[in-house]
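Participant: Take this structure, written in structure tokens, and hold onto it; I'll ask about it next.
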Amino acid sequence: MFRIGQGYDVHRLTEGRRLILGGVDIPHPKGLLGHSDGDVLLHAVMDALLGAAAMGDIGKHFPDSDPAYKGADSLKLLEKVCRLLETQGYEIVNIDATLVLEQPRVACHIPQMREHIAAAAGCESERISVKASSEEGLGFTGSGEGVAAAAVALISRK
């Protein structure tokens with residue numbers, strides 16, 4: 001039995017924060033605002049996985065009203081989501097994710113992002129796809145106000 005889920009997340013870029021995408025600390029003068037580390041890519045991936053298993057979203061599992069998740073490492077949260085799916089008998093078939101941002105260019109960081117996601121998910125990096133796209137100066141991502149990410153995940157019963 002196969003199940004598919006989709007995830008989407010957006011975070012504002014702001015001064016005084018690190019830019020962490022796919023678990024990779026990327027040099028940039030601004031980072032993503034969020035209760036956790038703001039890793040928009042991993043948030044979209046987690047929502048896709050949870051959605052595929054009909055288990056809610058990351059807000060349900062890691063609410064921003066809980067101080068325990070303030071500044072949380074999203075890779076650790078992804079590990080928890082993947083262990084939760086395992087306890088329900090699911091395994092990841094593949095994940096396909098897209099980052100939408102104007103700057104910085106992140107293509108050189110994508111192999112490391114894939115490795116981080118695969119390690120947290122307990123699967124091979126060949127099951128993980130990460131792409132990046134700009135919006136040609138349009139919208140909040142194009143103007144550099146924020147970063148968006150979308151993901152789809154296919155899971156199956158073991």
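Chain labels run A, B, ... following the order of the structure tokens; each chain numbers its residues from 1, and ligands are numbered from 1 in the order shown.
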Among segment 27-70 of chain A, which residues does DSSP mark as alpha helix (DSSP H) when it is run on the backbone? Keep the chain and numbering as in the structure and answer as a PDB file with all heavy atoms, in the first residue's frame.
Facilitator:
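Produced file result20.pdb, reproduced below:
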ATOM      1  N   VAL A  40      12.926  25.791   6.678  1.00  0.00           N
ATOM      2  CA  VAL A  40      11.712  25.699   5.877  1.00  0.00           C
ATOM      3  C   VAL A  40      11.672  24.425   5.026  1.00  0.00           C
ATOM      4  O   VAL A  40      10.606  23.825   4.836  1.00  0.00           O
ATOM      5  CB  VAL A  40      11.557  26.982   5.023  1.00  0.00           C
ATOM      6  CG1 VAL A  40      12.600  27.075   3.957  1.00  0.00           C
ATOM      7  CG2 VAL A  40      10.191  27.124   4.443  1.00  0.00           C
ATOM      8  N   LEU A  41      12.811  23.978   4.533  1.00  0.00           N
ATOM      9  CA  LEU A  41      12.861  22.771   3.711  1.00  0.00           C
ATOM     10  C   LEU A  41      12.470  21.546   4.534  1.00  0.00           C
ATOM     11  O   LEU A  41      11.622  20.752   4.131  1.00  0.00           O
ATOM     12  CB  LEU A  41      14.254  22.594   3.104  1.00  0.00           C
ATOM     13  CG  LEU A  41      14.464  21.336   2.271  1.00  0.00           C
ATOM     14  CD1 LEU A  41      13.546  21.306   1.066  1.00  0.00           C
ATOM     15  CD2 LEU A  41      15.916  21.223   1.837  1.00  0.00           C
ATOM     16  N   LEU A  42      13.074  21.400   5.700  1.00  0.00           N
ATOM     17  CA  LEU A  42      12.758  20.247   6.538  1.00  0.00           C
ATOM     18  C   LEU A  42      11.332  20.300   7.062  1.00  0.00           C
ATOM     19  O   LEU A  42      10.688  19.258   7.220  1.00  0.00           O
ATOM     20  CB  LEU A  42      13.754  20.122   7.691  1.00  0.00           C
ATOM     21  CG  LEU A  42      15.200  19.842   7.284  1.00  0.00           C
ATOM     22  CD1 LEU A  42      16.060  19.622   8.517  1.00  0.00           C
ATOM     23  CD2 LEU A  42      15.303  18.670   6.333  1.00  0.00           C
ATOM     24  N   HIS A  43      10.813  21.495   7.299  1.00  0.00           N
ATOM     25  CA  HIS A  43       9.424  21.626   7.752  1.00  0.00           C
ATOM     26  C   HIS A  43       8.462  21.125   6.679  1.00  0.00           C
ATOM     27  O   HIS A  43       7.491  20.413   6.976  1.00  0.00           O
ATOM     28  CB  HIS A  43       9.115  23.063   8.143  1.00  0.00           C
ATOM     29  CG  HIS A  43       9.906  23.532   9.322  1.00  0.00           C
ATOM     30  ND1 HIS A  43       9.807  24.813   9.812  1.00  0.00           N
ATOM     31  CD2 HIS A  43      10.823  22.904  10.107  1.00  0.00           C
ATOM     32  CE1 HIS A  43      10.625  24.952  10.844  1.00  0.00           C
ATOM     33  NE2 HIS A  43      11.254  23.796  11.031  1.00  0.00           N
ATOM     34  N   ALA A  44       8.727  21.462   5.423  1.00  0.00           N
ATOM     35  CA  ALA A  44       7.882  20.985   4.333  1.00  0.00           C
ATOM     36  C   ALA A  44       7.998  19.467   4.183  1.00  0.00           C
ATOM     37  O   ALA A  44       6.992  18.778   3.966  1.00  0.00           O
ATOM     38  CB  ALA A  44       8.251  21.685   3.023  1.00  0.00           C
ATOM     39  N   VAL A  45       9.196  18.935   4.331  1.00  0.00           N
ATOM     40  CA  VAL A  45       9.409  17.486   4.242  1.00  0.00           C
ATOM     41  C   VAL A  45       8.649  16.770   5.357  1.00  0.00           C
ATOM     42  O   VAL A  45       7.965  15.766   5.114  1.00  0.00           O
ATOM     43  CB  VAL A  45      10.916  17.150   4.279  1.00  0.00           C
ATOM     44  CG1 VAL A  45      11.153  15.669   4.527  1.00  0.00           C
ATOM     45  CG2 VAL A  45      11.599  17.596   2.982  1.00  0.00           C
ATOM     46  N   MET A  46       8.753  17.285   6.590  1.00  0.00           N
ATOM     47  CA  MET A  46       8.045  16.650   7.706  1.00  0.00           C
ATOM     48  C   MET A  46       6.535  16.673   7.491  1.00  0.00           C
ATOM     49  O   MET A  46       5.850  15.675   7.755  1.00  0.00           O
ATOM     50  CB  MET A  46       8.404  17.332   9.028  1.00  0.00           C
ATOM     51  CG  MET A  46       9.796  16.999   9.516  1.00  0.00           C
ATOM     52  SD  MET A  46      10.128  17.691  11.150  1.00  0.00           S
ATOM     53  CE  MET A  46      10.664  19.347  10.724  1.00  0.00           C
ATOM     54  N   ASP A  47       6.005  17.794   7.019  1.00  0.00           N
ATOM     55  CA  ASP A  47       4.569  17.870   6.766  1.00  0.00           C
ATOM     56  C   ASP A  47       4.149  16.895   5.670  1.00  0.00           C
ATOM     57  O   ASP A  47       3.074  16.301   5.747  1.00  0.00           O
ATOM     58  CB  ASP A  47       4.140  19.294   6.419  1.00  0.00           C
ATOM     59  CG  ASP A  47       3.782  20.115   7.641  1.00  0.00           C
ATOM     60  OD1 ASP A  47       3.612  19.535   8.741  1.00  0.00           O
ATOM     61  OD2 ASP A  47       3.652  21.342   7.508  1.00  0.00           O
ATOM     62  N   ALA A  48       4.984  16.710   4.656  1.00  0.00           N
ATOM     63  CA  ALA A  48       4.668  15.753   3.596  1.00  0.00           C
ATOM     64  C   ALA A  48       4.632  14.329   4.158  1.00  0.00           C
ATOM     65  O   ALA A  48       3.714  13.555   3.851  1.00  0.00           O
ATOM     66  CB  ALA A  48       5.684  15.861   2.457  1.00  0.00           C
ATOM     67  N   LEU A  49       5.602  13.985   4.986  1.00  0.00           N
ATOM     68  CA  LEU A  49       5.638  12.645   5.575  1.00  0.00           C
ATOM     69  C   LEU A  49       4.454  12.409   6.505  1.00  0.00           C
ATOM     70  O   LEU A  49       3.788  11.367   6.427  1.00  0.00           O
ATOM     71  CB  LEU A  49       6.958  12.442   6.332  1.00  0.00           C
ATOM     72  CG  LEU A  49       8.204  12.328   5.463  1.00  0.00           C
ATOM     73  CD1 LEU A  49       9.456  12.461   6.318  1.00  0.00           C
ATOM     74  CD2 LEU A  49       8.206  11.017   4.691  1.00  0.00           C
ATOM     75  N   LEU A  50       4.188  13.372   7.365  1.00  0.00           N
ATOM     76  CA  LEU A  50       3.063  13.239   8.295  1.00  0.00           C
ATOM     77  C   LEU A  50       1.739  13.189   7.536  1.00  0.00           C
ATOM     78  O   LEU A  50       0.838  12.415   7.883  1.00  0.00           O
ATOM     79  CB  LEU A  50       3.067  14.389   9.303  1.00  0.00           C
ATOM     80  CG  LEU A  50       4.184  14.337  10.349  1.00  0.00           C
ATOM     81  CD1 LEU A  50       4.303  15.672  11.067  1.00  0.00           C
ATOM     82  CD2 LEU A  50       3.951  13.198  11.340  1.00  0.00           C
ATOM     83  N   GLY A  51       1.618  13.990   6.496  1.00  0.00           N
ATOM     84  CA  GLY A  51       0.404  13.982   5.690  1.00  0.00           C
ATOM     85  C   GLY A  51       0.189  12.643   4.999  1.00  0.00           C
ATOM     86  O   GLY A  51      -0.937  12.148   4.929  1.00  0.00           O
ATOM     87  N   ALA A  52       1.264  12.048   4.494  1.00  0.00           N
ATOM     88  CA  ALA A  52       1.150  10.756   3.827  1.00  0.00           C
ATOM     89  C   ALA A  52       0.620   9.687   4.774  1.00  0.00           C
ATOM     90  O   ALA A  52      -0.133   8.808   4.373  1.00  0.00           O
ATOM     91  CB  ALA A  52       2.505  10.335   3.254  1.00  0.00           C
ATOM     92  N   ILE A  58       3.356  19.254  11.501  1.00  0.00           N
ATOM     93  CA  ILE A  58       4.377  19.507  12.517  1.00  0.00           C
ATOM     94  C   ILE A  58       3.867  20.404  13.632  1.00  0.00           C
ATOM     95  O   ILE A  58       4.346  20.308  14.758  1.00  0.00           O
ATOM     96  CB  ILE A  58       5.705  20.036  11.910  1.00  0.00           C
ATOM     97  CG1 ILE A  58       5.518  21.361  11.193  1.00  0.00           C
ATOM     98  CG2 ILE A  58       6.328  19.000  11.015  1.00  0.00           C
ATOM     99  CD1 ILE A  58       6.816  21.988  10.736  1.00  0.00           C
ATOM    100  N   GLY A  59       2.883  21.248  13.334  1.00  0.00           N
ATOM    101  CA  GLY A  59       2.287  22.073  14.385  1.00  0.00           C
ATOM    102  C   GLY A  59       1.608  21.243  15.458  1.00  0.00           C
ATOM    103  O   GLY A  59       1.596  21.607  16.632  1.00  0.00           O
ATOM    104  N   LYS A  60       1.063  20.112  15.065  1.00  0.00           N
ATOM    105  CA  LYS A  60       0.422  19.197  16.018  1.00  0.00           C
ATOM    106  C   LYS A  60       1.475  18.499  16.881  1.00  0.00           C
ATOM    107  O   LYS A  60       1.301  18.342  18.085  1.00  0.00           O
ATOM    108  CB  LYS A  60      -0.408  18.162  15.264  1.00  0.00           C
ATOM    109  CG  LYS A  60      -0.992  17.071  16.139  1.00  0.00           C
ATOM    110  CD  LYS A  60      -1.728  16.028  15.322  1.00  0.00           C
ATOM    111  CE  LYS A  60      -2.169  14.868  16.203  1.00  0.00           C
ATOM    112  NZ  LYS A  60      -2.788  13.805  15.424  1.00  0.00           N
ATOM    113  N   HIS A  61       2.553  18.060  16.252  1.00  0.00           N
ATOM    114  CA  HIS A  61       3.568  17.278  16.949  1.00  0.00           C
ATOM    115  C   HIS A  61       4.600  18.131  17.673  1.00  0.00           C
ATOM    116  O   HIS A  61       5.140  17.694  18.697  1.00  0.00           O
ATOM    117  CB  HIS A  61       4.259  16.334  15.965  1.00  0.00           C
ATOM    118  CG  HIS A  61       3.343  15.287  15.426  1.00  0.00           C
ATOM    119  ND1 HIS A  61       3.134  14.080  16.062  1.00  0.00           N
ATOM    120  CD2 HIS A  61       2.540  15.275  14.329  1.00  0.00           C
ATOM    121  CE1 HIS A  61       2.260  13.370  15.371  1.00  0.00           C
ATOM    122  NE2 HIS A  61       1.893  14.075  14.314  1.00  0.00           N
TER     123      HIS A  61
END
Participant: Of the candidates A:Met1, A:Ile117, A:Ala68, A:Leu101, which one gets nearest to Gly146 of chain A if we count only C-alpha atoms?
Facilitator: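 Checking each candidate against Gly146 of chain A, we get A:Leu101 as the closest.
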Participant: One number please: atom CA of Gly16 of chain A to atom CA of Lys70 of chain A, in Å, one decimal.
Facilitator: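 Value for the atom CA of Gly16 of chain A-atom CA of Lys70 of chain A distance: 15.5 Å.
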Participant: Residues at most 8 Å from segment 130-132 of chain A, counting only C-alpha atoms, excluding those fewer than 5 positions away in the same chain, as a PyMOL selection string?
Facilitator: chain A and resi 96-101+106-107+110+113-114
Participant: What parts of chain A does DSSP call strand (DSSP E)? I'd like the answer as a ChimeraX atom specification.
Facilitator: /A:2-15,19-21,24-26,30-32,90-100,128-133,146-157
Participant: List the spatial neighbours of Glu124 of chain A as a VMD selection string - criterion: any atom at most 12 Å away, only C-alpha atoms, same-chain residues fewer than 5 positions off excluded.
Facilitator: chain A and resid 91 to 95 114 to 119 129
Participant: Take the residues that were just selected and, keeping N, CA and C atoms, output them as a short mmCIF file (atom, residue, chain, number, x, y, z; two decimals), in the first residue's frame.
Facilitator:
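Okay, this is what ended up in part-v4.cif:
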data_model
loop_
_atom_site.label_atom_id
_atom_site.label_comp_id
_atom_site.auth_asym_id
_atom_site.auth_seq_id
_atom_site.Cartn_x
_atom_site.Cartn_y
_atom_site.Cartn_z
N GLU A 91 7.53 2.96 5.66
CA GLU A 91 8.89 3.29 5.25
C GLU A 91 8.82 4.29 4.09
N ILE A 92 9.86 5.08 3.97
CA ILE A 92 9.91 6.11 2.92
C ILE A 92 10.30 5.47 1.60
N VAL A 93 9.49 5.72 0.58
CA VAL A 93 9.83 5.29 -0.77
C VAL A 93 10.70 6.38 -1.40
N ASN A 94 10.20 7.62 -1.39
CA ASN A 94 11.02 8.74 -1.85
C ASN A 94 10.41 10.07 -1.38
N ILE A 95 11.26 11.08 -1.41
CA ILE A 95 10.87 12.46 -1.07
C ILE A 95 11.39 13.34 -2.19
N ARG A 114 20.69 16.62 0.82
CA ARG A 114 20.16 15.27 0.55
C ARG A 114 20.73 14.27 1.54
N GLU A 115 22.01 14.37 1.81
CA GLU A 115 22.65 13.45 2.76
C GLU A 115 22.08 13.63 4.17
N HIS A 116 21.89 14.89 4.58
CA HIS A 116 21.33 15.16 5.92
C HIS A 116 19.92 14.59 6.05
N ILE A 117 19.11 14.82 5.03
CA ILE A 117 17.72 14.34 5.08
C ILE A 117 17.70 12.82 5.09
N ALA A 118 18.50 12.19 4.25
CA ALA A 118 18.56 10.74 4.20
C ALA A 118 19.02 10.16 5.54
N ALA A 119 20.03 10.75 6.14
CA ALA A 119 20.52 10.25 7.43
C ALA A 119 19.44 10.36 8.51
N SER A 129 15.24 13.82 -3.22
CA SER A 129 15.51 14.81 -4.25
C SER A 129 15.28 16.20 -3.66
#
Participant: With distances taken over only C-alpha atoms, which residue among A:Ser36, A:Glu102, A:Lys30, A:Gly56 lies nearest Ser143 of chain A?
Facilitator: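 Going through A:Ser36, A:Glu102, A:Lys30, A:Gly56 one by one, the smallest distance to Ser143 of chain A is for A:Glu102.
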Participant: Calculated over only C-alpha atoms, which of the candidates A:Phe62, A:Pro67, A:Leu138, A:Leu75 has the smallest distance to Ala120 of chain A?
Facilitator: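 Smallest separation from Ala120 of chain A among the options: A:Leu75.
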Participant: Closest to Asp39 of chain A among A:Gln112, A:Ser74, A:Ser133, A:Gln6, using only C-alpha atoms?
Facilitator: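 That would be A:Ser74, the residue with the smallest distance to Asp39 of chain A.
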Participant: For Gly23 of chain A, which of A:His109, A:Asp64, A:Cys82, A:Gly139 is the closest residue, counting only C-alpha atoms?
Facilitator: A:His109
Participant: Neighbours of Leu19 of chain A within 10 Å (only C-alpha atoms; same-chain residues fewer than 5 positions away dropped), as a ChimeraX atom specification?
Facilitator: /A:13-14,24-33,37-40,104
Participant: Quick one, how far is atom CA of Asp57 of chain A from atom CA of Gly142 of chain A?
Facilitator: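 Between these atoms lies a distance of 26.8 Å.
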Participant: Kindly indicate which residue among A:Val147, A:Pro63, A:Cys123, A:Arg157 lies nearest to Thr87 of chain A, using only C-alpha atoms for the distances.
Facilitator: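 Using only C-alpha atoms, the shortest distance to Thr87 of chain A belongs to A:Arg157.
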